[in-house]
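Containing TSV, C-alpha atoms: protein.tsv.
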chain	number	residue	atom	x	y	z
A	328	MET	CA	23.84	3.13	5.15
A	329	ASP	CA	25.34	4.19	8.47
A	330	LYS	CA	22.55	5.64	10.59
A	331	ALA	CA	24.96	8.31	11.87
A	332	VAL	CA	25.06	10.00	8.44
A	333	MET	CA	21.42	9.49	7.42
A	334	ARG	CA	19.98	12.96	7.94
A	335	ARG	CA	16.96	13.50	5.73
A	336	VAL	CA	14.40	11.26	4.05
A	337	VAL	CA	11.56	12.40	1.78
A	338	ILE	CA	8.50	10.14	1.71
A	339	THR	CA	5.93	10.63	-1.04
A	340	GLY	CA	2.46	9.28	-0.37
A	341	ALA	CA	3.41	9.74	3.28
A	342	ALA	CA	-0.20	9.78	4.48
A	343	GLY	CA	-1.16	6.46	2.87
A	344	LEU	CA	-0.99	2.95	4.24
A	345	VAL	CA	2.76	2.38	3.87
A	346	GLY	CA	3.64	6.03	4.43
A	347	GLN	CA	1.83	6.34	7.75
A	348	ASN	CA	3.40	3.14	9.05
A	349	LEU	CA	6.84	4.15	7.79
A	350	VAL	CA	6.70	7.60	9.39
A	351	ALA	CA	5.66	6.03	12.70
A	352	ARG	CA	8.67	3.71	12.56
A	353	LEU	CA	11.32	6.15	11.30
A	354	ASN	CA	10.19	8.90	13.64
A	355	THR	CA	11.71	6.96	16.52
A	356	GLN	CA	15.19	7.81	15.14
A	357	SER	CA	16.39	11.03	16.72
A	358	ASN	CA	19.01	11.71	14.05
A	359	LEU	CA	16.58	11.54	11.12
A	360	ALA	CA	14.54	14.37	9.61
A	361	ILE	CA	11.41	13.22	7.76
A	362	ILE	CA	9.66	15.18	5.02
A	363	GLY	CA	6.25	13.74	4.22
A	364	ILE	CA	4.38	14.74	1.05
A	365	ASP	CA	0.79	13.76	0.24
A	366	LYS	CA	-2.13	15.38	-1.56
A	367	HIS	CA	-5.07	14.15	0.52
A	368	PRO	CA	-6.21	16.79	3.05
A	369	ALA	CA	-7.85	14.46	5.57
A	370	ASN	CA	-4.93	12.05	5.56
A	371	THR	CA	-2.24	14.72	5.84
A	372	ALA	CA	-4.22	16.22	8.74
A	373	LEU	CA	-4.13	12.82	10.46
A	374	LEU	CA	-0.38	12.50	9.82
A	375	ARG	CA	0.25	15.96	11.34
A	376	LYS	CA	-1.91	15.13	14.34
A	377	MET	CA	-0.06	11.90	15.07
A	378	HIS	CA	3.42	13.28	14.33
A	379	PRO	CA	3.43	17.06	14.90
A	380	GLU	CA	7.25	17.16	14.79
A	381	VAL	CA	7.33	15.81	11.19
A	382	GLU	CA	7.27	18.28	8.31
A	383	VAL	CA	4.15	17.41	6.30
A	384	ILE	CA	3.47	19.02	2.92
A	385	GLU	CA	0.07	18.80	1.30
A	386	SER	CA	0.68	18.88	-2.43
A	387	ASP	CA	-0.23	17.09	-5.66
A	388	LEU	CA	3.00	15.60	-6.97
A	389	ALA	CA	1.60	15.39	-10.49
A	390	HIS	CA	2.09	19.16	-10.68
A	391	SER	CA	5.23	21.22	-10.28
A	392	GLY	CA	5.42	23.08	-6.99
A	393	ASN	CA	7.50	24.24	-4.05
A	394	TRP	CA	7.55	20.65	-2.79
A	395	ALA	CA	10.42	19.91	-5.17
A	396	GLY	CA	12.74	22.12	-3.13
A	397	LYS	CA	12.34	19.77	-0.17
A	398	PHE	CA	14.47	17.22	-2.04
A	399	ALA	CA	17.55	19.38	-1.46
A	400	ASP	CA	20.04	17.63	0.83
A	401	ALA	CA	17.85	14.53	1.01
A	402	ASP	CA	19.75	11.30	1.63
A	403	ALA	CA	16.94	9.20	0.17
A	404	VAL	CA	13.46	9.34	-1.31
A	405	VAL	CA	10.83	6.71	-0.60
A	406	LEU	CA	8.45	6.81	-3.54
A	407	SER	CA	5.19	5.36	-2.25
A	408	GLN	CA	2.37	7.50	-3.67
A	409	ALA	CA	-0.08	5.37	-5.65
A	410	GLN	CA	-3.51	5.34	-7.22
A	411	ILE	CA	-4.80	1.87	-6.33
A	412	GLY	CA	-8.54	2.05	-6.85
A	413	GLY	CA	-10.76	4.20	-9.02
A	414	LEU	CA	-12.60	4.22	-12.29
A	415	ARG	CA	-10.85	6.92	-14.33
A	416	ARG	CA	-7.67	6.41	-16.34
A	417	ALA	CA	-6.59	10.01	-15.74
A	418	GLU	CA	-6.26	9.39	-12.00
A	419	PHE	CA	-3.92	6.45	-12.49
A	420	VAL	CA	-1.82	8.32	-15.05
A	421	ALA	CA	-1.53	11.39	-12.81
A	422	ASN	CA	-0.70	9.63	-9.53
A	423	ASN	CA	1.35	6.65	-10.72
A	424	ILE	CA	3.08	7.98	-13.83
A	425	THR	CA	3.11	11.79	-14.03
A	426	ALA	CA	3.82	12.20	-10.32
A	427	THR	CA	6.70	9.73	-10.60
A	428	GLU	CA	8.15	11.70	-13.51
A	429	ARG	CA	8.04	14.88	-11.41
A	430	ILE	CA	9.61	13.13	-8.40
A	431	LEU	CA	12.47	11.75	-10.47
A	432	GLU	CA	13.06	15.18	-11.99
A	433	ALA	CA	13.28	16.74	-8.52
A	434	ALA	CA	15.55	13.95	-7.28
A	435	ALA	CA	17.93	14.40	-10.21
A	436	LEU	CA	17.93	18.20	-9.85
A	437	HIS	CA	18.91	17.97	-6.18
A	438	ASN	CA	21.33	15.05	-6.58
A	439	VAL	CA	19.40	12.68	-4.33
A	440	PRO	CA	21.70	9.64	-3.98
A	441	TYR	CA	19.11	6.88	-3.45
A	442	ILE	CA	15.47	6.05	-4.21
A	443	ILE	CA	13.16	3.32	-2.92
A	444	GLN	CA	10.12	2.67	-5.10
A	445	LEU	CA	7.08	0.85	-3.79
A	446	SER	CA	5.75	-1.00	-6.81
A	447	SER	CA	3.35	-3.94	-6.69
A	448	SER	CA	3.15	-7.65	-7.40
A	449	VAL	CA	0.50	-6.81	-10.01
A	450	VAL	CA	3.29	-6.17	-12.52
A	451	ASN	CA	3.66	-9.97	-12.59
A	452	SER	CA	-0.09	-10.51	-12.74
A	453	LYS	CA	-2.33	-11.73	-15.55
A	454	ALA	CA	-4.66	-8.86	-14.66
A	455	ASP	CA	-5.21	-6.17	-17.28
A	456	ASP	CA	-6.52	-3.09	-15.52
A	457	LEU	CA	-5.61	0.55	-15.00
A	458	TYR	CA	-3.63	-0.08	-11.83
A	459	THR	CA	-1.54	-2.89	-13.34
A	460	GLU	CA	-0.91	-0.92	-16.52
A	461	SER	CA	0.19	2.21	-14.66
A	462	LYS	CA	2.43	0.36	-12.18
A	463	ARG	CA	4.26	-1.32	-15.05
A	464	ALA	CA	4.79	2.08	-16.64
A	465	GLN	CA	6.01	3.44	-13.31
A	466	GLU	CA	8.63	0.70	-13.04
A	467	GLN	CA	9.85	1.55	-16.54
A	468	LEU	CA	10.50	5.10	-15.36
A	469	LEU	CA	12.64	3.79	-12.52
A	470	ASP	CA	14.46	1.37	-14.81
A	471	ALA	CA	15.47	4.35	-16.97
A	472	CYS	CA	16.61	6.36	-13.94
A	473	SER	CA	20.37	6.71	-13.35
A	474	ILE	CA	19.99	7.29	-9.60
A	475	PRO	CA	20.75	4.14	-7.57
A	476	HIS	CA	17.43	2.65	-6.58
A	477	VAL	CA	15.56	-0.40	-5.42
A	478	ILE	CA	12.12	-1.52	-6.60
A	479	LEU	CA	10.00	-3.46	-4.09
A	480	ARG	CA	6.94	-5.39	-5.32
A	481	PRO	CA	4.69	-6.23	-2.37
A	482	THR	CA	1.61	-8.40	-2.63
A	483	LEU	CA	-1.73	-7.38	-1.07
A	484	MET	CA	-0.82	-5.32	2.00
A	485	PHE	CA	-2.70	-4.72	5.22
A	486	GLY	CA	-1.97	-3.04	8.51
A	487	TRP	CA	-2.65	0.08	10.54
A	488	PHE	CA	-4.24	2.93	8.53
A	489	ASP	CA	-5.62	0.55	5.88
A	490	ARG	CA	-8.53	2.30	4.20
A	491	LYS	CA	-8.80	-0.14	1.32
A	492	HIS	CA	-8.40	-3.91	0.98
A	493	LEU	CA	-8.59	-5.81	4.27
A	494	GLY	CA	-9.13	-2.66	6.33
A	495	TRP	CA	-12.22	-1.74	4.36
A	496	LEU	CA	-13.49	-5.33	4.39
A	497	ARG	CA	-13.07	-5.53	8.16
A	498	ARG	CA	-15.06	-2.29	8.69
A	499	PHE	CA	-17.71	-3.52	6.27
A	500	MET	CA	-18.22	-6.51	8.57
A	501	ASP	CA	-19.49	-4.16	11.27
A	502	ARG	CA	-21.91	-2.34	8.98
A	503	THR	CA	-23.89	-5.18	7.48
A	504	PRO	CA	-25.53	-8.36	8.77
A	505	ILE	CA	-24.29	-10.29	5.71
A	506	PHE	CA	-20.73	-10.33	4.37
A	507	PRO	CA	-20.79	-11.69	0.79
A	508	ILE	CA	-17.92	-13.67	-0.71
A	509	PRO	CA	-17.88	-14.02	-4.51
A	510	GLY	CA	-18.20	-17.62	-5.69
A	511	ASP	CA	-16.53	-20.30	-3.58
A	512	GLY	CA	-13.89	-17.87	-2.29
A	513	ARG	CA	-11.07	-20.27	-3.11
A	514	TYR	CA	-8.75	-17.64	-4.55
A	515	LEU	CA	-5.22	-17.87	-3.22
A	516	ARG	CA	-3.86	-14.69	-1.66
A	517	GLN	CA	-0.44	-13.86	-0.22
A	518	PRO	CA	-1.17	-10.99	2.17
A	519	LEU	CA	1.80	-8.96	3.38
A	520	TYR	CA	1.87	-7.13	6.71
A	521	ALA	CA	2.68	-3.42	6.31
A	522	GLY	CA	4.86	-3.67	9.41
A	523	ASP	CA	7.10	-6.17	7.63
A	524	MET	CA	7.17	-3.98	4.52
A	525	VAL	CA	8.32	-1.06	6.64
A	526	SER	CA	11.10	-3.21	8.11
A	527	ILE	CA	12.28	-3.98	4.57
A	528	ILE	CA	12.26	-0.28	3.68
A	529	GLU	CA	14.29	0.45	6.80
A	530	ALA	CA	16.81	-2.18	5.72
A	531	CYS	CA	17.05	-0.59	2.28
A	532	LEU	CA	17.67	2.85	3.80
A	533	GLU	CA	20.45	1.46	5.93
A	534	GLN	CA	22.03	-1.04	3.51
A	535	ARG	CA	21.28	0.62	0.15
A	536	HIS	CA	20.00	-2.42	-1.69
A	537	THR	CA	19.52	-2.02	-5.44
A	538	GLY	CA	17.62	-4.10	-7.97
A	539	THR	CA	14.06	-5.39	-8.08
A	540	TYR	CA	12.58	-7.66	-5.41
A	541	ASP	CA	9.26	-9.50	-5.25
A	542	ILE	CA	8.06	-9.12	-1.65
A	543	SER	CA	5.28	-11.68	-1.38
A	544	GLY	CA	3.50	-12.69	1.78
A	545	LEU	CA	5.05	-15.94	2.95
A	546	GLU	CA	1.77	-17.57	3.95
A	547	ARG	CA	-0.66	-18.47	1.16
A	548	ILE	CA	-4.32	-18.48	2.14
A	549	GLU	CA	-7.58	-18.66	0.23
A	550	PHE	CA	-9.62	-15.47	0.21
A	551	GLY	CA	-12.59	-17.08	1.94
A	552	ALA	CA	-10.35	-18.54	4.65
A	553	LEU	CA	-8.70	-15.14	5.13
A	554	ILE	CA	-12.07	-13.48	5.65
A	555	ARG	CA	-13.07	-16.14	8.15
A	556	LEU	CA	-9.77	-15.67	9.98
A	557	ILE	CA	-10.47	-11.94	10.29
A	558	GLN	CA	-14.02	-12.72	11.41
A	559	GLY	CA	-12.68	-14.97	14.16
A	560	ILE	CA	-10.36	-12.21	15.40
A	561	VAL	CA	-12.72	-9.23	15.38
A	562	GLN	CA	-16.06	-11.00	16.08
A	563	PRO	CA	-18.17	-8.68	13.88
A	564	ARG	CA	-21.94	-8.65	13.51
A	565	ALA	CA	-21.81	-9.93	9.92
A	566	HIS	CA	-22.41	-13.52	8.88
A	567	ILE	CA	-20.36	-14.72	5.92
A	568	LEU	CA	-22.32	-15.85	2.88
A	569	ASN	CA	-20.99	-17.12	-0.44
A	570	ILE	CA	-22.93	-15.69	-3.37
A	571	PRO	CA	-22.62	-16.30	-7.12
A	572	TYR	CA	-19.85	-14.35	-8.80
A	573	SER	CA	-22.29	-12.84	-11.33
A	574	LEU	CA	-24.47	-11.44	-8.54
A	575	PHE	CA	-21.45	-10.02	-6.71
A	576	PHE	CA	-20.29	-8.41	-9.98
A	577	ALA	CA	-23.72	-6.85	-10.55
A	578	LEU	CA	-23.83	-5.44	-7.02
A	579	LEU	CA	-20.37	-3.91	-7.40
A	580	TRP	CA	-21.30	-2.46	-10.77
A	581	ALA	CA	-24.40	-0.84	-9.28
A	582	TYR	CA	-22.42	0.51	-6.33
A	583	GLY	CA	-19.88	1.97	-8.72
A	584	ARG	CA	-22.65	3.90	-10.46
A	585	LEU	CA	-23.56	5.55	-7.16
A	586	ASP	CA	-20.06	6.15	-5.74
A	587	ARG	CA	-17.52	8.01	-7.89
A	588	ASP	CA	-14.62	6.56	-5.87
A	589	PRO	CA	-15.68	3.10	-4.68
A	590	PRO	CA	-13.23	1.35	-2.32
A	591	PHE	CA	-13.60	-1.89	-4.30
A	592	THR	CA	-14.25	-1.97	-8.05
A	593	ILE	CA	-15.23	-4.55	-10.65
A	594	GLY	CA	-11.66	-4.34	-11.96
A	595	GLN	CA	-10.34	-5.37	-8.56
A	596	LEU	CA	-12.93	-8.15	-8.43
A	597	ARG	CA	-11.70	-9.50	-11.76
A	598	ALA	CA	-8.13	-9.43	-10.41
A	599	LEU	CA	-9.23	-11.12	-7.18
A	600	VAL	CA	-10.50	-14.27	-8.86
A	601	ILE	CA	-7.55	-14.81	-11.22
A	602	PRO	CA	-5.99	-18.15	-10.19
A	603	GLU	CA	-2.37	-17.11	-9.70
A	604	THR	CA	0.36	-16.81	-7.10
A	605	PHE	CA	3.41	-14.58	-7.03
A	606	PRO	CA	7.12	-15.33	-6.69
A	607	VAL	CA	8.39	-15.92	-3.15
A	608	ILE	CA	11.98	-15.02	-2.38
A	609	ASP	CA	13.81	-15.29	0.92
A	610	TRP	CA	13.28	-11.64	1.78
A	611	PRO	CA	13.70	-12.27	5.52
A	612	GLU	CA	17.29	-13.39	4.81
A	613	ILE	CA	18.02	-10.78	2.12
A	614	PHE	CA	16.89	-7.85	4.25
A	615	SER	CA	17.54	-9.35	7.72
A	616	VAL	CA	13.88	-9.00	8.66
A	617	LYS	CA	11.92	-11.29	10.96
A	618	PRO	CA	8.51	-11.90	9.34
A	619	THR	CA	5.36	-11.57	11.41
A	620	PRO	CA	3.07	-14.64	11.33
A	621	LEU	CA	-0.17	-13.84	9.49
A	622	SER	CA	-2.47	-14.45	12.47
A	623	ASP	CA	-0.29	-12.26	14.72
A	624	ALA	CA	-0.19	-9.50	12.10
A	625	LEU	CA	-3.98	-9.51	11.76
A	626	ARG	CA	-4.37	-9.25	15.53
A	627	GLU	CA	-1.92	-6.36	15.69
A	628	THR	CA	-3.80	-4.65	12.88
A	629	PHE	CA	-7.36	-5.05	14.10
A	630	LEU	CA	-7.06	-5.29	17.88
A	631	ASP	CA	-4.46	-2.64	18.76
A	632	PRO	CA	-6.54	0.09	20.44
A	633	ARG	CA	-4.15	2.82	19.28
A	634	TYR	CA	-4.80	2.27	15.60
A	635	SER	CA	-7.67	-0.13	15.02
A	636	LYS	CA	-10.28	2.64	14.77
A	637	ILE	CA	-8.10	5.02	12.74
A	638	THR	CA	-8.86	4.97	9.02
A	639	LEU	CA	-7.83	6.95	5.99
A	640	SER	CA	-10.01	8.66	3.43
A	641	PHE	CA	-9.35	9.34	-0.22
Transcribe the structure of this file into structure tokens.
Amino acid sequence: MDKAVMRRVVITGAAGLVGQNLVARLNTQSNLAIIGIDKHPANTALLRKMHPEVEVIESDLAHSGNWAGKFADADAVVLSQAQIGGLRRAEFVANNITATERILEAAALHNVPYIIQLSSSVVNSKADDLYTESKRAQEQLLDACSIPHVILRPTLMFGWFDRKHLGWLRRFMDRTPIFPIPGDGRYLRQPLYAGDMVSIIEACLEQRHTGTYDISGLERIEFGALIRLIQGIVQPRAHILNIPYSLFFALLWAYGRLDRDPPFTIGQLRALVIPETFPVIDWPEIFSVKPTPLSDALRETFLDPRYSKITLSF
């Protein structure tokens, strides 16, 4: 799409990992109005603090509300709200399915011409958990939608504002003398830099891609090697120690009994150790995006003084 006519973009889940990075990037465009919607008070407060000129709405998209009126005159909606972790089915249904239904209803009512949905590579996974189940259902809602749209399926993402996944693991390294890795740690991962994901979203906003695309990290790396790479960059106090999978599982189970919203669950552990990789397409060519080498992306994430100490809460 011609930047000269792109006037208004609504971003759901705007205070999450992708949303925060996307707002930071799009906010450099003087001709673009951004409406950010998110339900988490602490995260929306952070978004307002960092971008006071952006209209930020704190609202639960699983419920009808005045937020729907903000879709009027929108040139595009970036649908990026997601329940990733947690222990209760109702949370995944509300945030990944019901909220998406409400968003699509608002988009249709206000004749929004284009939607970008952030899905996940887990829809191709052998995993059978609440996140995977709800993301597959979410894609089905988009498939049935008549509004032109694109579905992007990123693999494990990391970057500025990462409260879960690698961001949480990196902070954990500073809080404990021992960093445990389940089993031998030889589980292939394809981490994707949030900065590259944002570049792809920008390309979709400008070029109006449609269809479904698997956006996998281009560099495959074993989980244990990835943790050691992060350790080498940040030089934490923790020493890495491989422990039996069964012990790691038991520790996570016990932690989950104490914390109602643990950042890493036994379901995610089960998914972690599944021996699988995800499709790799030439997304740099398709979207005209220059990928960031993994080691450079990790340094940008964990060493940039502007963002390295900023975290999100859920």
Leaving out A:Glu460 and any residue of its chain fewer than 3 positions from it, which residues lie within 12 Å of it when counting all atoms listed in the file, given as an NGL selection string?
:A and (410-411 or 416 or 419-420 or 423-424 or 446-447 or 449-457 or 463-467)
Here's a test: counting all atoms listed in the file, identify every protein, DNA and RNA residue with an atom at most 9 Å from (10.1, -16.8, -4.8) in the file's coordinate frame, and state them as a CSV table (one decimal) with C-alpha atoms, in the coordinates of the input.
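Here's the written file part-v2.csv:
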chain,number,residue,atom,x,y,z
A,541,ASP,CA,9.3,-9.5,-5.2
A,542,ILE,CA,8.1,-9.1,-1.6
A,543,SER,CA,5.3,-11.7,-1.4
A,605,PHE,CA,3.4,-14.6,-7.0
A,606,PRO,CA,7.1,-15.3,-6.7
A,607,VAL,CA,8.4,-15.9,-3.2
A,608,ILE,CA,12.0,-15.0,-2.4
A,609,ASP,CA,13.8,-15.3,0.9
A,610,TRP,CA,13.3,-11.6,1.8
Please put the answer as lines of an AutoDock Vina configuration file: centre and edge lengths, in Å with one decimal, of a box along x, y and z that encloses all listed atoms of stretch 466-483 of chain A plus 4 Å on each side.
center_x = 9.5
center_y = -0.6
center_z = -9.0
size_x = 30.5
size_y = 23.7
size_z = 23.9
From the list A:Gln558, A:Ser615, A:Asn354, A:Asn569, which residue is nearest A:Asp523 when using all atoms listed in the file?
A:Ser615
Gap from atom CA of A:Leu493 to atom CA of A:Ile557 - Å, one decimal:
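So the two atoms, atom CA of A:Leu493 and atom CA of A:Ile557, lie 8.8 Å apart.
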Hey, which of A:Ser357, A:His367, A:Arg516, A:Tyr582 ends up closest to A:Leu553? Count all atoms listed in the file.
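Closest candidate: A:Arg516.
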The residues within 12 Å of (24.5, 6.0, -13.6), using only C-alpha atoms and the coordinates of the file, should be reported as a PDB file with C-alpha atoms, in the frame of the given file; which are they?
ATOM      1  CA  ALA A 435      17.930  14.400 -10.210  1.00  0.00           C
ATOM      2  CA  ASN A 438      21.330  15.050  -6.580  1.00  0.00           C
ATOM      3  CA  PRO A 440      21.700   9.640  -3.980  1.00  0.00           C
ATOM      4  CA  TYR A 441      19.110   6.880  -3.450  1.00  0.00           C
ATOM      5  CA  ASP A 470      14.460   1.370 -14.810  1.00  0.00           C
ATOM      6  CA  ALA A 471      15.470   4.350 -16.970  1.00  0.00           C
ATOM      7  CA  CYS A 472      16.610   6.360 -13.940  1.00  0.00           C
ATOM      8  CA  SER A 473      20.370   6.710 -13.350  1.00  0.00           C
ATOM      9  CA  ILE A 474      19.990   7.290  -9.600  1.00  0.00           C
ATOM     10  CA  PRO A 475      20.750   4.140  -7.570  1.00  0.00           C
ATOM     11  CA  HIS A 476      17.430   2.650  -6.580  1.00  0.00           C
TER      12      HIS A 476
END
Can you tell me which residues surround stretch 379-391 of chain A at a distance of at most 7 Å, considering only C-alpha atoms, apart from same-chain residues fewer than 6 positions away, and format the answer as a list of chain:residue names?
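Surrounding residues, per the criterion: A:Ile361, A:Ile362, A:Gly363, A:Ile364, A:Asp365, A:Lys366, A:His367, A:Pro368, A:Thr371, A:Ala421, A:Asn422, A:Thr425, A:Ala426, A:Arg429.
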To one decimal place, how far is atom CA of A:Val337 from atom CA of A:Met377 in Å?
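Spanning atom CA of A:Val337 to atom CA of A:Met377 is a straight-line distance of 17.7 Å.
The interatomic distance for the pair atom CA of A:Leu431 and atom CA of A:Leu469 works out to 8.2 Å.
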Given only C-alpha atoms as the counted atoms, nearest of A:Phe575, A:Phe398, A:Tyr458, A:Phe550 to A:Ala434:
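So, comparing all the options, the nearest one is A:Phe398.
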Find the residues near stretch 495-510 of chain A: any atom within 8 Å, counting all atoms listed in the file, skip ones fewer than 3 places away on the same chain, and give them as a PyMOL selection string.
chain A and resi 489-492+551+557-558+563-572+575+590
Counting all atoms listed in the file, which residue out of A:Leu374, A:Gly486, A:Gly346, A:Thr628 sits closest to A:Leu445?
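Looking only at the distances to A:Leu445, the closest residue turns out to be A:Gly346.
Minimum atom-to-atom distance to A:Gly413, evaluated using all atoms listed in the file, belongs to A:Thr592 out of A:Cys531, A:Thr592, A:Lys376, A:Gly494.
Among the candidates A:Glu603, A:Glu418, A:Asp400, A:Glu546, the one nearest to A:Ala433 when counting all atoms listed in the file is A:Asp400.
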Starting from the incomplete input, reconstruct N, CA, C and O atoms of stretch 448-459 of chain A and write that as an mmCIF file, in the coordinates of the input.
data_model
loop_
_atom_site.group_PDB
_atom_site.id
_atom_site.type_symbol
_atom_site.label_atom_id
_atom_site.label_comp_id
_atom_site.auth_asym_id
_atom_site.auth_seq_id
_atom_site.Cartn_x
_atom_site.Cartn_y
_atom_site.Cartn_z
ATOM 1 N N SER A 448 3.095 -6.327 -6.773
ATOM 2 C CA SER A 448 3.150 -7.650 -7.400
ATOM 3 C C SER A 448 2.292 -7.720 -8.651
ATOM 4 O O SER A 448 2.458 -8.634 -9.463
ATOM 5 N N VAL A 449 1.380 -6.757 -8.837
ATOM 6 C CA VAL A 449 0.500 -6.810 -10.010
ATOM 7 C C VAL A 449 1.276 -6.717 -11.312
ATOM 8 O O VAL A 449 0.760 -7.114 -12.360
ATOM 9 N N VAL A 450 2.517 -6.234 -11.268
ATOM 10 C CA VAL A 450 3.290 -6.170 -12.520
ATOM 11 C C VAL A 450 3.581 -7.568 -13.047
ATOM 12 O O VAL A 450 3.878 -7.734 -14.234
ATOM 13 N N ASN A 451 3.487 -8.576 -12.172
ATOM 14 C CA ASN A 451 3.660 -9.970 -12.590
ATOM 15 C C ASN A 451 2.315 -10.665 -12.830
ATOM 16 O O ASN A 451 2.288 -11.867 -13.111
ATOM 17 N N SER A 452 1.233 -9.919 -12.720
ATOM 18 C CA SER A 452 -0.090 -10.510 -12.740
ATOM 19 C C SER A 452 -0.616 -10.696 -14.169
ATOM 20 O O SER A 452 -0.165 -10.041 -15.113
ATOM 21 N N LYS A 453 -1.600 -11.575 -14.290
ATOM 22 C CA LYS A 453 -2.330 -11.730 -15.550
ATOM 23 C C LYS A 453 -3.410 -10.661 -15.692
ATOM 24 O O LYS A 453 -4.046 -10.555 -16.747
ATOM 25 N N ALA A 454 -3.623 -9.891 -14.640
ATOM 26 C CA ALA A 454 -4.660 -8.860 -14.660
ATOM 27 C C ALA A 454 -4.328 -7.798 -15.703
ATOM 28 O O ALA A 454 -3.156 -7.488 -15.965
ATOM 29 N N ASP A 455 -5.355 -7.233 -16.296
ATOM 30 C CA ASP A 455 -5.210 -6.170 -17.280
ATOM 31 C C ASP A 455 -6.154 -5.045 -16.887
ATOM 32 O O ASP A 455 -7.290 -4.974 -17.346
ATOM 33 N N ASP A 456 -5.685 -4.184 -15.988
ATOM 34 C CA ASP A 456 -6.520 -3.090 -15.520
ATOM 35 C C ASP A 456 -5.668 -1.831 -15.418
ATOM 36 O O ASP A 456 -4.465 -1.839 -15.680
ATOM 37 N N LEU A 457 -6.299 -0.737 -15.020
ATOM 38 C CA LEU A 457 -5.610 0.550 -15.000
ATOM 39 C C LEU A 457 -4.477 0.576 -13.982
ATOM 40 O O LEU A 457 -3.415 1.168 -14.237
ATOM 41 N N TYR A 458 -4.678 -0.058 -12.854
ATOM 42 C CA TYR A 458 -3.630 -0.080 -11.830
ATOM 43 C C TYR A 458 -2.410 -0.857 -12.327
ATOM 44 O O TYR A 458 -1.279 -0.373 -12.247
ATOM 45 N N THR A 459 -2.642 -2.062 -12.845
ATOM 46 C CA THR A 459 -1.540 -2.890 -13.340
ATOM 47 C C THR A 459 -0.784 -2.180 -14.458
ATOM 48 O O THR A 459 0.453 -2.128 -14.463
#
